[in-house]
Every structure is written in structure tokens, then in C-alpha cells.
file structure_8.cif (mmCIF, C-alpha atoms)
data_target
#
loop_
_atom_site.label_atom_id
_atom_site.label_comp_id
_atom_site.auth_asym_id
_atom_site.auth_seq_id
_atom_site.Cartn_x
_atom_site.Cartn_y
_atom_site.Cartn_z
CA MET P 1 28.72 2.87 -17.81
CA ARG P 2 29.20 2.93 -21.56
CA THR P 3 30.48 0.57 -24.19
CA HIS P 4 33.82 2.42 -24.45
CA LYS P 5 36.14 0.82 -21.91
CA GLY P 6 38.20 3.96 -21.32
CA LEU P 7 35.15 5.91 -20.25
CA LEU P 8 33.78 3.00 -18.26
CA ALA P 9 36.75 3.20 -15.94
CA LEU P 10 36.34 6.93 -15.48
CA GLY P 11 32.60 6.87 -14.85
CA ALA P 12 32.16 3.69 -12.85
CA ALA P 13 32.50 5.16 -9.38
CA ALA P 14 28.73 5.67 -9.17
CA LEU P 15 29.10 9.06 -7.57
CA LEU P 16 30.50 7.93 -4.24
CA LEU P 17 31.21 10.88 -1.98
CA ALA P 18 34.88 11.25 -1.20
CA GLY P 19 36.68 13.99 0.72
CA CYS P 20 39.11 16.02 -1.34
CA GLY P 21 42.09 18.24 -0.60
CA SER P 22 43.57 18.00 2.85
CA GLY P 23 40.46 16.41 4.34
CA GLN P 24 40.30 19.26 6.85
CA ILE P 25 37.40 19.04 9.27
CA GLY P 26 35.19 22.13 9.21
CA ASP P 27 34.87 24.39 12.24
CA THR P 28 31.25 24.21 13.37
CA GLY P 29 31.59 27.30 15.70
CA GLY P 30 28.81 29.83 16.29
CA GLN P 31 26.08 29.91 18.93
CA THR P 32 23.75 27.45 17.25
CA ASP P 33 20.98 25.93 19.36
CA PRO P 34 21.67 22.18 19.15
CA ASN P 35 17.94 21.52 19.54
CA ASN P 36 16.92 23.69 16.59
CA LYS P 37 14.93 21.44 14.25
CA ASN P 38 14.49 23.98 11.45
CA LEU P 39 16.56 23.94 8.27
CA ALA P 40 16.48 26.18 5.22
CA LEU P 41 17.44 25.30 1.64
CA ILE P 42 18.06 27.96 -1.01
CA THR P 43 18.86 26.48 -4.40
CA GLY P 44 20.08 28.38 -7.46
CA GLN P 45 16.94 28.48 -9.60
CA ARG P 46 13.31 27.47 -9.14
CA GLY P 47 12.14 24.57 -11.26
CA GLU P 48 15.58 23.70 -12.66
CA PRO P 49 15.71 19.87 -12.71
CA PHE P 50 19.12 19.61 -11.03
CA TYR P 51 17.90 21.69 -8.12
CA VAL P 52 14.51 19.98 -8.05
CA SER P 53 16.28 16.62 -7.68
CA LEU P 54 18.53 18.05 -4.96
CA GLU P 55 15.54 19.50 -3.08
CA CYS P 56 13.50 16.28 -3.27
CA ALA P 57 16.31 14.28 -1.67
CA ALA P 58 16.93 16.99 0.94
CA GLN P 59 13.26 17.08 1.94
CA GLN P 60 13.19 13.31 2.24
CA GLU P 61 16.30 13.22 4.43
CA ALA P 62 15.11 16.06 6.65
CA ALA P 63 11.77 14.33 7.26
CA ALA P 64 13.52 11.05 8.03
CA GLN P 65 15.66 12.81 10.65
CA GLY P 66 12.72 14.66 12.23
CA TYR P 67 13.62 18.13 10.90
CA GLN P 68 11.59 20.76 9.05
CA LEU P 69 13.07 22.01 5.77
CA ASN P 70 11.98 25.35 4.29
CA ALA P 71 13.03 25.28 0.62
CA GLN P 72 13.07 28.40 -1.57
CA ALA P 73 14.76 29.50 -4.80
CA PRO P 74 15.00 32.55 -7.06
CA GLU P 75 13.23 32.59 -10.41
CA LYS P 76 16.56 32.98 -12.22
CA PHE P 77 20.15 32.13 -11.31
CA GLU P 78 20.84 35.65 -10.08
CA GLN P 79 22.29 37.14 -6.93
CA ALA P 80 19.77 39.89 -6.11
CA GLU P 81 16.68 37.73 -5.59
CA GLN P 82 18.65 35.01 -3.81
CA SER P 83 20.04 37.62 -1.39
CA GLN P 84 16.51 38.82 -0.68
CA ILE P 85 15.36 35.27 0.04
CA LEU P 86 18.37 34.74 2.29
CA GLY P 87 17.56 37.89 4.27
CA GLY P 88 14.09 36.59 5.07
CA ILE P 89 15.43 33.20 6.06
CA VAL P 90 18.09 34.67 8.36
CA SER P 91 15.36 36.57 10.22
CA SER P 92 13.56 33.27 10.90
CA LYS P 93 16.82 31.89 12.36
CA PRO P 94 16.93 28.24 11.30
CA GLY P 95 19.66 26.04 12.71
CA ALA P 96 21.33 25.84 9.30
CA VAL P 97 20.98 27.23 5.81
CA ILE P 98 21.90 24.96 2.92
CA ILE P 99 22.60 27.13 -0.11
CA ALA P 100 23.87 27.09 -3.69
CA PRO P 101 25.38 30.61 -3.88
CA THR P 102 24.62 32.31 -7.20
CA ASP P 103 27.60 34.64 -6.80
CA ASP P 104 30.85 33.55 -5.15
CA LYS P 105 31.55 37.05 -3.76
CA ALA P 106 28.28 38.98 -3.37
CA LEU P 107 26.67 36.32 -1.15
CA ALA P 108 29.59 36.39 1.30
CA ALA P 109 28.34 39.31 3.41
CA PRO P 110 24.77 38.04 4.00
CA LEU P 111 26.03 34.54 4.69
CA GLN P 112 28.59 35.91 7.12
CA GLN P 113 25.70 37.65 8.86
CA ALA P 114 23.82 34.35 9.01
CA LYS P 115 26.86 32.69 10.55
CA GLY P 116 27.15 35.52 13.08
CA ASN P 117 23.52 34.86 14.08
CA GLY P 118 24.36 31.27 14.94
CA ILE P 119 23.14 29.74 11.67
CA GLN P 120 25.36 27.02 10.23
CA VAL P 121 26.11 27.55 6.52
CA VAL P 122 26.30 24.53 4.21
CA GLU P 123 27.22 25.08 0.55
CA VAL P 124 25.84 22.75 -2.12
CA ASP P 125 26.65 22.76 -5.85
CA THR P 126 28.36 26.17 -5.83
CA ALA P 127 30.63 27.80 -3.26
CA LEU P 128 31.86 31.15 -1.98
CA GLU P 129 35.36 32.33 -2.73
CA ASP P 130 35.73 33.00 1.02
CA ARG P 131 36.15 29.58 2.57
CA SER P 132 35.87 30.82 6.16
CA ILE P 133 32.06 31.17 6.15
CA ALA P 134 30.58 27.76 5.33
CA VAL P 135 31.12 24.82 7.63
CA THR P 136 31.09 22.39 4.71
CA SER P 137 30.79 22.37 0.91
CA LEU P 138 29.45 19.62 -1.33
CA SER P 139 29.62 19.78 -5.10
CA SER P 140 30.39 17.74 -8.16
CA ASP P 141 34.00 17.55 -9.34
CA ASN P 142 33.32 19.96 -12.16
CA TYR P 143 36.85 20.07 -13.56
CA ALA P 144 36.84 16.27 -13.82
CA GLY P 145 33.39 16.49 -15.40
CA GLY P 146 34.79 18.74 -18.11
CA GLN P 147 37.63 16.31 -18.69
CA LEU P 148 35.16 13.44 -18.94
CA ALA P 149 33.12 15.42 -21.47
CA ALA P 150 36.22 15.86 -23.64
CA GLN P 151 37.16 12.20 -23.32
CA THR P 152 33.62 11.23 -24.26
CA LEU P 153 33.72 13.50 -27.31
CA VAL P 154 37.05 12.05 -28.40
CA GLN P 155 35.62 8.54 -28.15
CA LEU P 156 32.58 9.56 -30.20
CA LEU P 157 34.75 11.16 -32.90
CA GLY P 158 37.23 8.32 -33.23
CA GLU P 159 39.96 9.44 -35.65
CA LYS P 160 37.91 12.31 -37.06
CA GLY P 161 39.51 15.75 -36.73
CA GLY P 162 38.18 19.30 -36.90
CA SER P 163 37.10 22.23 -34.76
CA VAL P 164 35.56 21.89 -31.29
CA LEU P 165 33.55 24.49 -29.35
CA ALA P 166 32.80 24.83 -25.64
CA LEU P 167 29.80 26.89 -24.52
CA ASN P 168 30.04 28.44 -21.05
CA THR P 169 27.26 30.29 -19.21
CA LYS P 170 28.21 33.43 -17.27
CA ALA P 171 31.81 34.38 -16.55
CA GLY P 172 32.57 33.97 -12.85
CA THR P 173 30.25 30.98 -12.28
CA SER P 174 32.55 28.58 -10.43
CA THR P 175 30.92 25.35 -11.62
CA THR P 176 30.75 26.00 -15.35
CA ASP P 177 34.14 27.75 -15.40
CA GLU P 178 35.68 24.58 -13.97
CA ARG P 179 33.86 22.39 -16.50
CA ALA P 180 35.05 24.53 -19.40
CA LYS P 181 38.62 24.52 -18.07
CA GLY P 182 38.66 20.73 -17.70
CA PHE P 183 37.28 20.32 -21.21
CA GLU P 184 39.78 22.74 -22.74
CA ASP P 185 42.77 21.14 -21.01
CA GLU P 186 41.75 17.67 -22.14
CA ILE P 187 40.99 18.62 -25.77
CA ARG P 188 44.43 20.26 -26.09
CA LYS P 189 45.95 16.78 -25.69
CA HIS P 190 44.54 15.83 -29.12
CA PRO P 191 46.38 17.56 -32.02
CA ASN P 192 43.75 16.49 -34.58
CA LEU P 193 41.20 18.71 -32.80
CA LYS P 194 41.22 22.51 -33.00
CA LEU P 195 39.85 24.15 -29.85
CA LEU P 196 37.90 27.29 -30.69
CA PRO P 197 37.63 30.16 -28.15
CA THR P 198 35.06 29.36 -25.46
CA GLN P 199 31.84 31.37 -25.90
CA TYR P 200 29.53 32.71 -23.16
CA THR P 201 25.76 32.35 -23.47
CA GLU P 202 24.57 34.26 -20.37
CA ASN P 203 22.73 31.02 -19.55
CA GLU P 204 20.18 31.65 -22.34
CA PRO P 205 19.32 28.75 -24.71
CA ALA P 206 18.54 31.19 -27.53
CA THR P 207 21.97 32.79 -27.20
CA ALA P 208 23.62 29.35 -27.23
CA ALA P 209 21.69 28.50 -30.42
CA GLN P 210 22.81 31.74 -32.08
CA ILE P 211 26.45 31.12 -31.18
CA VAL P 212 26.39 27.58 -32.56
CA SER P 213 24.71 28.74 -35.77
CA SER P 214 27.34 31.44 -36.36
CA THR P 215 30.14 29.03 -35.46
CA LEU P 216 28.87 26.52 -38.03
CA ALA P 217 28.91 29.24 -40.68
CA ALA P 218 32.43 30.40 -39.80
CA ASN P 219 33.87 26.92 -39.19
CA PRO P 220 32.45 24.32 -41.59
CA ASP P 221 34.88 21.78 -40.06
CA LEU P 222 33.06 21.93 -36.69
CA VAL P 223 32.87 18.36 -35.38
CA GLY P 224 32.02 18.74 -31.70
CA VAL P 225 30.26 21.00 -29.17
CA PHE P 226 30.28 20.85 -25.37
CA GLY P 227 27.47 22.59 -23.48
CA THR P 228 28.51 23.20 -19.87
CA ASN P 229 24.97 23.16 -18.46
CA LEU P 230 21.33 22.46 -19.31
CA ASN P 231 20.57 25.69 -21.13
CA THR P 232 23.71 25.71 -23.25
CA GLY P 233 23.23 22.08 -24.24
CA GLU P 234 19.57 22.58 -25.14
CA GLY P 235 20.35 25.69 -27.18
CA ALA P 236 23.18 23.95 -29.02
CA GLY P 237 20.92 20.99 -29.78
CA THR P 238 18.31 23.30 -31.29
CA ALA P 239 20.89 24.99 -33.54
CA LEU P 240 22.37 21.73 -34.78
CA SER P 241 18.91 20.30 -35.46
CA ASN P 242 17.87 23.40 -37.40
CA ALA P 243 21.05 23.16 -39.47
CA GLY P 244 20.52 19.46 -40.19
CA LYS P 245 23.74 18.67 -38.30
CA SER P 246 22.41 16.52 -35.46
CA GLY P 247 24.70 13.51 -35.19
CA GLN P 248 27.14 14.94 -37.73
CA VAL P 249 28.43 17.42 -35.17
CA GLN P 250 28.77 15.50 -31.92
CA LEU P 251 27.10 17.27 -28.98
CA VAL P 252 28.04 16.48 -25.38
CA GLY P 253 25.74 18.08 -22.84
CA PHE P 254 26.02 18.49 -19.10
CA ASP P 255 23.31 17.31 -16.70
CA ALA P 256 20.46 14.90 -17.35
CA SER P 257 17.23 16.90 -17.30
CA PRO P 258 14.11 15.31 -18.79
CA LYS P 259 14.57 17.45 -21.94
CA GLN P 260 18.25 16.49 -22.26
CA VAL P 261 17.42 12.81 -21.78
CA ASP P 262 14.77 13.06 -24.53
CA ASP P 263 17.33 14.75 -26.79
CA LEU P 264 19.79 11.93 -26.09
CA ARG P 265 17.18 9.32 -26.93
CA ASN P 266 16.20 10.97 -30.22
CA GLY P 267 19.75 11.72 -31.36
CA ARG P 268 19.90 15.51 -30.90
CA VAL P 269 22.53 14.93 -28.18
CA GLN P 270 25.16 12.18 -28.33
CA ALA P 271 26.23 12.11 -24.68
CA LEU P 272 25.42 13.63 -21.28
CA ILE P 273 27.68 14.13 -18.28
CA ALA P 274 25.42 13.59 -15.27
CA GLN P 275 25.83 14.66 -11.69
CA ASP P 276 24.10 13.16 -8.65
CA PRO P 277 22.08 16.03 -7.15
CA ALA P 278 20.12 13.64 -4.94
CA LYS P 279 23.31 12.52 -3.24
CA ILE P 280 24.38 16.14 -2.72
CA GLY P 281 20.96 17.09 -1.29
CA LYS P 282 20.78 14.18 1.09
CA GLU P 283 24.33 14.61 2.35
CA GLY P 284 23.88 18.38 2.63
CA VAL P 285 21.03 17.88 5.09
CA ALA P 286 22.94 15.22 7.01
CA ARG P 287 25.91 17.56 7.43
CA ALA P 288 23.73 20.50 8.39
CA ILE P 289 22.23 18.42 11.20
CA SER P 290 25.67 17.31 12.35
CA ALA P 291 26.86 20.94 12.39
CA ILE P 292 23.82 22.04 14.42
CA LYS P 293 24.64 19.35 16.98
CA GLY P 294 28.26 20.53 17.14
CA GLN P 295 29.62 17.41 15.49
CA PRO P 296 32.58 17.66 13.08
CA VAL P 297 31.94 17.50 9.33
CA GLU P 298 34.24 17.19 6.34
CA ARG P 299 35.08 20.70 5.06
CA GLU P 300 34.92 19.94 1.31
CA THR P 301 33.63 17.00 -0.69
CA LYS P 302 33.50 16.43 -4.43
CA THR P 303 31.33 13.89 -6.22
CA GLU P 304 32.25 12.15 -9.45
CA MET P 305 30.46 12.26 -12.79
CA ILE P 306 28.75 9.71 -15.01
CA SER P 307 29.03 9.60 -18.82
CA ILE P 308 25.69 8.61 -20.35
CA THR P 309 25.21 7.74 -24.02
CA ARG P 310 22.34 6.36 -26.03
CA ASP P 311 23.92 2.90 -25.69
CA ASN P 312 23.87 2.83 -21.88
CA MET P 313 21.11 5.29 -20.95
CA ASP P 314 18.61 2.65 -19.84
CA GLN P 315 21.17 1.20 -17.45
CA GLN P 316 21.98 4.65 -16.02
CA SER P 317 18.41 5.91 -15.60
CA GLN P 318 18.91 6.38 -11.84
CA TYR P 319 20.94 9.47 -12.70
CA PHE P 320 18.15 11.16 -14.69
CA TYR P 321 16.99 14.35 -12.99
CA LYS P 322 13.43 15.03 -11.78
CA SER P 323 11.09 17.82 -12.81
CA GLN P 324 9.04 17.34 -9.63
CA CYS P 325 9.23 15.30 -6.42
#

call {"tool": "encode", "arguments": {"input": "structure_8.cif", "output": "C-alpha cells"}}
result
Amino acid sequence: MRTHKGLLALGAAALLLAGCGSGQIGDTGGQTDPNNKNLALITGQRGEPFYVSLECAAQQEAAAQGYQLNAQAPEKFEQAEQSQILGGIVSSKPGAVIIAPTDDKALAAPLQQAKGNGIQVVEVDTALEDRSIAVTSLSSDNYAGGQLAAQTLVQLLGEKGGSVLALNTKAGTSTTDERAKGFEDEIRKHPNLKLLPTQYTENEPATAAQIVSSTLAANPDLVGVFGTNLNTGEGAGTALSNAGKSGQVQLVGFDASPKQVDDLRNGRVQALIAQDPAKIGKEGVARAISAIKGQPVERETKTEMISITRDNMDQQSQYFYKSQC
């Protein structure tokens, strides 16, 4: 994984899927036609490299299994447009809808309606608060990813102390909230590091850049920043570069988009915590097909994370995200 042995042990699992919690098998109920060969995929945002990578793998798996996959996504990671897309898909009545819910509460009612119409619901990346709707959920272990980000930052800093900032996206987003929580809990174990209050960027790179710039001015001892997703990491990298602080303030980003990988290579970012969206997409389709056929599926599965640095990035290139299939 990386040259630091402590992180090597944490990241070496190569994103193997493993059931978590009680290992409860999901109830595949509903009046689904077992011969329905149509699937729908609704990701969280069109063109976002994580979701592009997930969709590419899902399309490939669906074709290999003889199924049609209708993939759609909202322009932004917002509930209203995704709900509208979902309404149109429900009316076409696929055998299953594979979805990354953009709101863990507001999407419950339309997805419950889909379930009532005999459509199996498979959650990928994000999940509803109501666990009774989806037959199965697949996502990265985001809390562990936040912990790994903190451990990576500590390794990069060595004995150096100072202030550390986490940048979250929108309050109430299950994935980034878990990443921030894991990061905060891990950083608190290190008394030489002062954890600043987590800031919210509304998922806008420009807002992330503004926050980092003001934090640098108010805290000249800032030594580390964690961006919980692509946009926060890219915005933070811009601010640090503009301030001439790239490499002086260690930046750990989340996800491995083409832009983030370029930033890692040129030194604007010091580490990335990568997920495996292709694994999630492929397995999401496989479980959707199993649910349509009335076969049992694991209710919840988490995938592990990979810590990528400039030292090991060429060896970990299989985890770089795609901008197109």
C-alpha cells in the first residue's frame, strides 16, 4: 500500500467485500417478476468520477448477466431532481432499482412506493435511515475511512504538532458525516494535534477554498487538512496552493478522481483515501438480480479503504476513478 508499515496493514485488504453487523439476510419480499430483465441505476450526481466508475462496472455486469440497465443521475447531489428521476423509473417498473439516495429521509417515501410496486430496492454508496425498505445496502466503511485519513495524516506529520481541520460537505449526508466522525475520533488520540471545529462547505469547492484561506489566517499553526470528498479536497488544494502552503500544510483528500490523482502527483495533495466504486457497482447489480429471482442477499456490506500517497500511487492505480467508461 504505502511505505509506512502501520498504514500498510490497515489498507492492504484490497477492498474485499465483507458482511458487517449481524450478517442478517435481507428480506426479498414483494411481487417482483422473477423474469424481469430490466434494472435501473440512479447515482448521486451525473459525471462525478466515483459514480461514473460505479456505473461503468454496473453496466458491464448487467450486460454479462443478460440484463438491461437504465442509468440516470441528477445534475447535482440533491433530493428534488433525484426524486423526479425515481418517479419516472418507478412508472417503467424495472425488476430492481439500484440507488445512491441523496437524502436519507426524503427518498424513503418514493422508494417505499417502488417496493410496493414489486421493485427491489438496492442501496449503493449512501443509505436510507429506514432500513426496512432496501433489500440490501453496499457502501464503503466511511467511519474507518475517516480513521485511515487521520492515521495517514499523523504518519505524514511525524512528530510535528499544530492545528488540524476537517472539511465536511452538507450536514446530514451519511457518508461524509461518518468520515468526519472517524477522522475526529482518531485525531483526538494525538495530544500534539489540535482539532479545530469541523466546517461545512455545502459541497462547493469555492466554499472549501474560502474556509481554508480564513482558517490559515486565523490559525498560522495549521499543519493538516482533511477533505471528506472530491469537492472539499479540490477546494482545499486550491487554497493551499494560492497561499504557497502546498506540502507545508499536509492535505489528505477522499476519493481518487482524475483531478485528485493529478494533484497528488504534483504535490498539491499528500494523500488520498480511495474507495472501490467498481466493486460496489458490480456487486450491486449482482445482488439486484439475486433479489429479483427471490434469492437471499446479505442485508448490509461495507468495503474497506485504500491509502494512496505519491510513493505508492503507481502501484495502486487500479483504484483511480474514471471520468468515462

call {"tool": "closest_atom_pairs", "arguments": {"input": "structure_8.cif", "of": "region 174-264 of chain P", "to": "region 124-131 of chain P", "cutoff": "12 Å", "atoms": "only C-alpha atoms", "output": "tab-separated table"}}
result
residue	atom	partner	partner_atom	distance
P:Ser174	CA	P:Thr126	CA	6.7
P:Thr175	CA	P:Thr126	CA	6.4
P:Thr176	CA	P:Thr126	CA	9.8
P:Asp177	CA	P:Thr126	CA	11.3
P:Glu178	CA	P:Thr126	CA	11.1

call {"tool": "resolve_selection", "arguments": {"input": "structure_8.cif", "expression": "the PyMOL selection byres ((chain P and resi 132-146) around 7)", "output": "ChimeraX atom specification"}}
result
/P:26-28,112,115,120-127,130-131,147-150,175,178-183,273,275,280,284,297-305

call {"tool": "atom_distance", "arguments": {"input": "structure_8.cif", "atom1": "CA of Asn231 (chain P)", "atom2": "CA of Tyr321 (chain P)"}}
result
14.4 Å

call {"tool": "closest_residue", "arguments": {"input": "structure_8.cif", "among": "P:Leu216, P:Leu230, P:Ala114, P:Ala71", "to": "Gly162 (chain P)", "atoms": "only C-alpha atoms"}}
result
P:Leu216

call {"tool": "resolve_selection", "arguments": {"input": "structure_8.cif", "expression": "the PyMOL selection byres ((chain P and resi 86-89) around 12)", "output": "PyMOL selection string"}}
result
chain P and resi 38-44+69-74+79-85+90-102+107-114+117+119+121

call {"tool": "resolve_selection", "arguments": {"input": "structure_8.cif", "expression": "the PyMOL selection byres ((chain P and resi 267) around 10)", "output": "compact mmCIF listing (two decimals) with C-alpha atoms, in the coordinates of the input"}}
result
# COMPACT_ATOMS: atom_id res chain seq x y z
CA GLY P 237 20.92 20.99 -29.78
CA SER P 241 18.91 20.30 -35.46
CA SER P 246 22.41 16.52 -35.46
CA GLY P 247 24.70 13.51 -35.19
CA GLN P 250 28.77 15.50 -31.92
CA LEU P 251 27.10 17.27 -28.98
CA VAL P 261 17.42 12.81 -21.78
CA ASP P 262 14.77 13.06 -24.53
CA ASP P 263 17.33 14.75 -26.79
CA LEU P 264 19.79 11.93 -26.09
CA ARG P 265 17.18 9.32 -26.93
CA ASN P 266 16.20 10.97 -30.22
CA ARG P 268 19.90 15.51 -30.90
CA VAL P 269 22.53 14.93 -28.18
CA GLN P 270 25.16 12.18 -28.33
CA ALA P 271 26.23 12.11 -24.68
CA THR P 309 25.21 7.74 -24.02
CA ARG P 310 22.34 6.36 -26.03

call {"tool": "closest_residue", "arguments": {"input": "structure_8.cif", "among": "P:Gly253, P:Gly118, P:Gly294, P:Gly172", "to": "Glu202 (chain P)", "atoms": "all atoms listed in the file"}}
result
P:Gly172

call {"tool": "atom_distance", "arguments": {"input": "structure_8.cif", "atom1": "CA of Ala286 (chain P)", "atom2": "CA of Asn35 (chain P)"}}
result
14.9 Å

call {"tool": "closest_residue", "arguments": {"input": "structure_8.cif", "among": "P:Gly224, P:Pro197, P:Gly47, P:Pro277", "to": "Lys76 (chain P)", "atoms": "all atoms listed in the file"}}
result
P:Gly47

call {"tool": "atom_distance", "arguments": {"input": "structure_8.cif", "atom1": "CA of Ala256 (chain P)", "atom2": "CA of Lys189 (chain P)"}}
result
26.9 Å

call {"tool": "residues_near_point", "arguments": {"input": "structure_8.cif", "point": "(22.7, 26.6, -31.8)", "cutoff": "12 Å", "atoms": "all atoms listed in the file", "output": "PyMOL selection string"}}
result
chain P and resi 165-167+199+201+204-217+225-227+231-246+249+251+268

call {"tool": "closest_residue", "arguments": {"input": "structure_8.cif", "among": "P:Thr228, P:Thr198, P:Gln68, P:Ser163", "to": "Asn36 (chain P)", "atoms": "only C-alpha atoms"}}
result
P:Gln68

call {"tool": "axis_aligned_box", "arguments": {"input": "structure_8.cif", "around": "region 77-86 of chain P", "padding_each_side": "5 Å", "output": "AutoDock Vina command-line options"}}
result
--center_x 18.8 --center_y 36.0 --center_z -4.5 --size_x 16.9 --size_y 17.8 --size_z 23.6

call {"tool": "residues_around", "arguments": {"input": "structure_8.cif", "residues": "Leu157 (chain P)", "least_positions_apart": "2", "cutoff": "10 Å", "atoms": "all atoms listed in the file", "output": "count of residues only"}}
result
15

call {"tool": "closest_residue", "arguments": {"input": "structure_8.cif", "among": "P:Tyr200, P:Tyr51, P:Tyr319, P:Tyr67", "to": "Ile289 (chain P)", "atoms": "only C-alpha atoms"}}
result
P:Tyr67
